[in-house]
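Heads up: the structure comes next, in structure tokens.
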Amino acid sequence: MLYDDHYSALTWQEENARWELARKEGTIDDEIKAISEARMKSLKKVWGPTYKPAELLWLDNFYNEIVAT
């Protein structure tokens, strides 16, 4: 996956520059909020909509630890 052409255009330098710009513009909190909302939406698809955000994160972390073992 790391060598897939889809990801070849992404570099840490560009990502760092994007986050630095968001910090300077004062929009970094909006960026973080959008990422967090997208993650919660994704976790709700996997685990169901009845869990609280902390529970969703715990479930996902627990599952990933089981898979890693």
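We label chains A, B, ... in the order they appear in the structure tokens, count residues from 1 in each chain, and number ligands from 1 in the order shown.
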Among chain A, which residues carry a DSSP assignment of alpha helix (DSSP H), reported as an mmCIF file with N, CA and C atoms, in the first residue's frame?
```
data_model
loop_
_atom_site.group_PDB
_atom_site.id
_atom_site.type_symbol
_atom_site.label_atom_id
_atom_site.label_comp_id
_atom_site.auth_asym_id
_atom_site.auth_seq_id
_atom_site.Cartn_x
_atom_site.Cartn_y
_atom_site.Cartn_z
ATOM 1 N N TRP A 12 5.403 14.362 3.773
ATOM 2 C CA TRP A 12 5.279 14.978 5.096
ATOM 3 C C TRP A 12 5.529 16.474 5.010
ATOM 4 N N GLN A 13 6.385 16.900 4.121
ATOM 5 C CA GLN A 13 6.681 18.328 3.980
ATOM 6 C C GLN A 13 5.407 19.094 3.606
ATOM 7 N N GLU A 14 4.637 18.559 2.677
ATOM 8 C CA GLU A 14 3.396 19.215 2.265
ATOM 9 C C GLU A 14 2.361 19.195 3.401
ATOM 10 N N GLU A 15 2.263 18.064 4.100
ATOM 11 C CA GLU A 15 1.322 17.963 5.215
ATOM 12 C C GLU A 15 1.690 18.934 6.327
ATOM 13 N N ASN A 16 2.968 18.992 6.655
ATOM 14 C CA ASN A 16 3.422 19.921 7.694
ATOM 15 C C ASN A 16 3.155 21.364 7.299
ATOM 16 N N ALA A 17 3.366 21.688 6.039
ATOM 17 C CA ALA A 17 3.104 23.047 5.554
ATOM 18 C C ALA A 17 1.614 23.374 5.642
ATOM 19 N N ARG A 18 0.765 22.394 5.335
ATOM 20 C CA ARG A 18 -0.685 22.614 5.408
ATOM 21 C C ARG A 18 -1.115 22.881 6.846
ATOM 22 N N TRP A 19 -0.579 22.096 7.789
ATOM 23 C CA TRP A 19 -0.927 22.297 9.202
ATOM 24 C C TRP A 19 -0.355 23.602 9.734
ATOM 25 N N GLU A 20 0.827 23.965 9.300
ATOM 26 C CA GLU A 20 1.427 25.240 9.710
ATOM 27 C C GLU A 20 0.576 26.410 9.217
ATOM 28 N N LEU A 21 0.091 26.327 7.988
ATOM 29 C CA LEU A 21 -0.771 27.367 7.449
ATOM 30 C C LEU A 21 -2.074 27.460 8.243
ATOM 31 N N ALA A 22 -2.652 26.327 8.568
ATOM 32 C CA ALA A 22 -3.885 26.323 9.370
ATOM 33 C C ALA A 22 -3.632 26.935 10.741
ATOM 34 N N ARG A 23 -2.474 26.665 11.321
ATOM 35 C CA ARG A 23 -2.138 27.245 12.623
ATOM 36 C C ARG A 23 -2.018 28.762 12.520
ATOM 37 N N LYS A 24 -1.333 29.243 11.466
ATOM 38 C CA LYS A 24 -1.154 30.682 11.282
ATOM 39 C C LYS A 24 -2.476 31.391 11.009
ATOM 40 N N GLU A 25 -3.362 30.722 10.255
ATOM 41 C CA GLU A 25 -4.659 31.319 9.930
ATOM 42 C C GLU A 25 -5.656 31.199 11.084
ATOM 43 N N ILE A 28 -6.815 25.850 12.749
ATOM 44 C CA ILE A 28 -6.374 24.503 13.106
ATOM 45 C C ILE A 28 -7.431 23.772 13.928
ATOM 46 N N ASP A 29 -8.136 24.497 14.796
ATOM 47 C CA ASP A 29 -9.190 23.853 15.590
ATOM 48 C C ASP A 29 -10.303 23.326 14.697
ATOM 49 N N ASP A 30 -10.623 24.055 13.632
ATOM 50 C CA ASP A 30 -11.637 23.598 12.681
ATOM 51 C C ASP A 30 -11.182 22.330 11.967
ATOM 52 N N GLU A 31 -9.901 22.290 11.611
ATOM 53 C CA GLU A 31 -9.338 21.109 10.945
ATOM 54 C C GLU A 31 -9.426 19.886 11.861
ATOM 55 N N ILE A 32 -9.027 20.072 13.107
ATOM 56 C CA ILE A 32 -9.037 18.964 14.069
ATOM 57 C C ILE A 32 -10.465 18.502 14.319
ATOM 58 N N LYS A 33 -11.392 19.442 14.438
ATOM 59 C CA LYS A 33 -12.797 19.099 14.660
ATOM 60 C C LYS A 33 -13.345 18.285 13.489
ATOM 61 N N ALA A 34 -13.011 18.693 12.266
ATOM 62 C CA ALA A 34 -13.490 17.980 11.075
ATOM 63 C C ALA A 34 -12.942 16.555 11.037
ATOM 64 N N ILE A 35 -11.677 16.390 11.403
ATOM 65 C CA ILE A 35 -11.073 15.058 11.420
ATOM 66 C C ILE A 35 -11.745 14.206 12.492
ATOM 67 N N SER A 36 -11.962 14.805 13.650
ATOM 68 C CA SER A 36 -12.599 14.075 14.753
ATOM 69 C C SER A 36 -14.018 13.645 14.384
ATOM 70 N N GLU A 37 -14.773 14.534 13.768
ATOM 71 C CA GLU A 37 -16.142 14.199 13.355
ATOM 72 C C GLU A 37 -16.150 13.088 12.315
ATOM 73 N N ALA A 38 -15.213 13.155 11.378
ATOM 74 C CA ALA A 38 -15.123 12.111 10.355
ATOM 75 C C ALA A 38 -14.759 10.765 10.986
ATOM 76 N N ARG A 39 -13.869 10.792 11.969
ATOM 77 C CA ARG A 39 -13.491 9.541 12.645
ATOM 78 C C ARG A 39 -14.670 8.967 13.411
ATOM 79 N N MET A 40 -15.418 9.818 14.106
ATOM 80 C CA MET A 40 -16.580 9.336 14.859
ATOM 81 C C MET A 40 -17.640 8.754 13.915
ATOM 82 N N LYS A 41 -17.823 9.385 12.784
ATOM 83 C CA LYS A 41 -18.782 8.881 11.805
ATOM 84 C C LYS A 41 -18.354 7.506 11.305
ATOM 85 N N SER A 42 -17.069 7.360 11.049
ATOM 86 C CA SER A 42 -16.538 6.078 10.598
ATOM 87 C C SER A 42 -16.687 5.002 11.673
ATOM 88 N N LEU A 43 -16.383 5.357 12.927
ATOM 89 C CA LEU A 43 -16.498 4.395 14.017
ATOM 90 C C LEU A 43 -17.949 4.000 14.257
ATOM 91 N N LYS A 44 -18.875 4.925 14.083
ATOM 92 C CA LYS A 44 -20.293 4.600 14.255
ATOM 93 C C LYS A 44 -20.763 3.619 13.186
ATOM 94 N N LYS A 45 -20.185 3.723 11.986
ATOM 95 C CA LYS A 45 -20.522 2.758 10.935
ATOM 96 C C LYS A 45 -20.071 1.358 11.327
ATOM 97 N N VAL A 46 -18.916 1.271 11.977
ATOM 98 C CA VAL A 46 -18.357 -0.028 12.357
ATOM 99 C C VAL A 46 -19.042 -0.599 13.593
ATOM 100 N N TRP A 47 -19.194 0.208 14.636
ATOM 101 C CA TRP A 47 -19.643 -0.286 15.934
ATOM 102 C C TRP A 47 -21.105 0.003 16.243
ATOM 103 N N PRO A 53 -18.851 8.673 22.218
ATOM 104 C CA PRO A 53 -17.538 8.797 21.576
ATOM 105 C C PRO A 53 -16.412 8.086 22.323
ATOM 106 N N ALA A 54 -16.371 8.202 23.631
ATOM 107 C CA ALA A 54 -15.309 7.533 24.399
ATOM 108 C C ALA A 54 -15.408 6.013 24.269
ATOM 109 N N GLU A 55 -16.627 5.508 24.222
ATOM 110 C CA GLU A 55 -16.819 4.065 24.067
ATOM 111 C C GLU A 55 -16.399 3.599 22.682
ATOM 112 N N LEU A 56 -16.703 4.398 21.681
ATOM 113 C CA LEU A 56 -16.293 4.060 20.312
ATOM 114 C C LEU A 56 -14.777 3.983 20.203
ATOM 115 N N LEU A 57 -14.095 4.952 20.780
ATOM 116 C CA LEU A 57 -12.636 4.947 20.747
ATOM 117 C C LEU A 57 -12.078 3.741 21.493
ATOM 118 N N TRP A 58 -12.682 3.405 22.645
ATOM 119 C CA TRP A 58 -12.230 2.254 23.417
ATOM 120 C C TRP A 58 -12.421 0.971 22.622
ATOM 121 N N LEU A 59 -13.603 0.796 22.023
ATOM 122 C CA LEU A 59 -13.879 -0.398 21.226
ATOM 123 C C LEU A 59 -12.893 -0.551 20.080
ATOM 124 N N ASP A 60 -12.652 0.538 19.374
ATOM 125 C CA ASP A 60 -11.754 0.490 18.228
ATOM 126 C C ASP A 60 -10.327 0.166 18.669
ATOM 127 N N ASN A 61 -9.887 0.788 19.751
ATOM 128 C CA ASN A 61 -8.550 0.520 20.272
ATOM 129 C C ASN A 61 -8.435 -0.934 20.751
ATOM 130 N N PHE A 62 -9.440 -1.402 21.472
ATOM 131 C CA PHE A 62 -9.447 -2.780 21.961
ATOM 132 C C PHE A 62 -9.389 -3.767 20.801
ATOM 133 N N TYR A 63 -10.203 -3.547 19.790
ATOM 134 C CA TYR A 63 -10.204 -4.411 18.621
ATOM 135 C C TYR A 63 -8.839 -4.425 17.933
ATOM 136 N N ASN A 64 -8.259 -3.251 17.742
ATOM 137 C CA ASN A 64 -6.961 -3.170 17.069
ATOM 138 C C ASN A 64 -5.862 -3.854 17.876
ATOM 139 N N GLU A 65 -5.939 -3.791 19.200
ATOM 140 C CA GLU A 65 -4.966 -4.486 20.028
ATOM 141 C C GLU A 65 -5.127 -6.004 19.913
ATOM 142 N N ILE A 66 -6.377 -6.476 19.850
ATOM 143 C CA ILE A 66 -6.614 -7.913 19.673
ATOM 144 C C ILE A 66 -6.056 -8.375 18.328
ATOM 145 N N VAL A 67 -6.310 -7.621 17.292
ATOM 146 C CA VAL A 67 -5.821 -7.971 15.957
ATOM 147 C C VAL A 67 -4.291 -7.993 15.940
ATOM 148 N N ALA A 68 -3.676 -7.046 16.638
ATOM 149 C CA ALA A 68 -2.213 -6.972 16.657
ATOM 150 C C ALA A 68 -1.575 -8.163 17.362
#
```
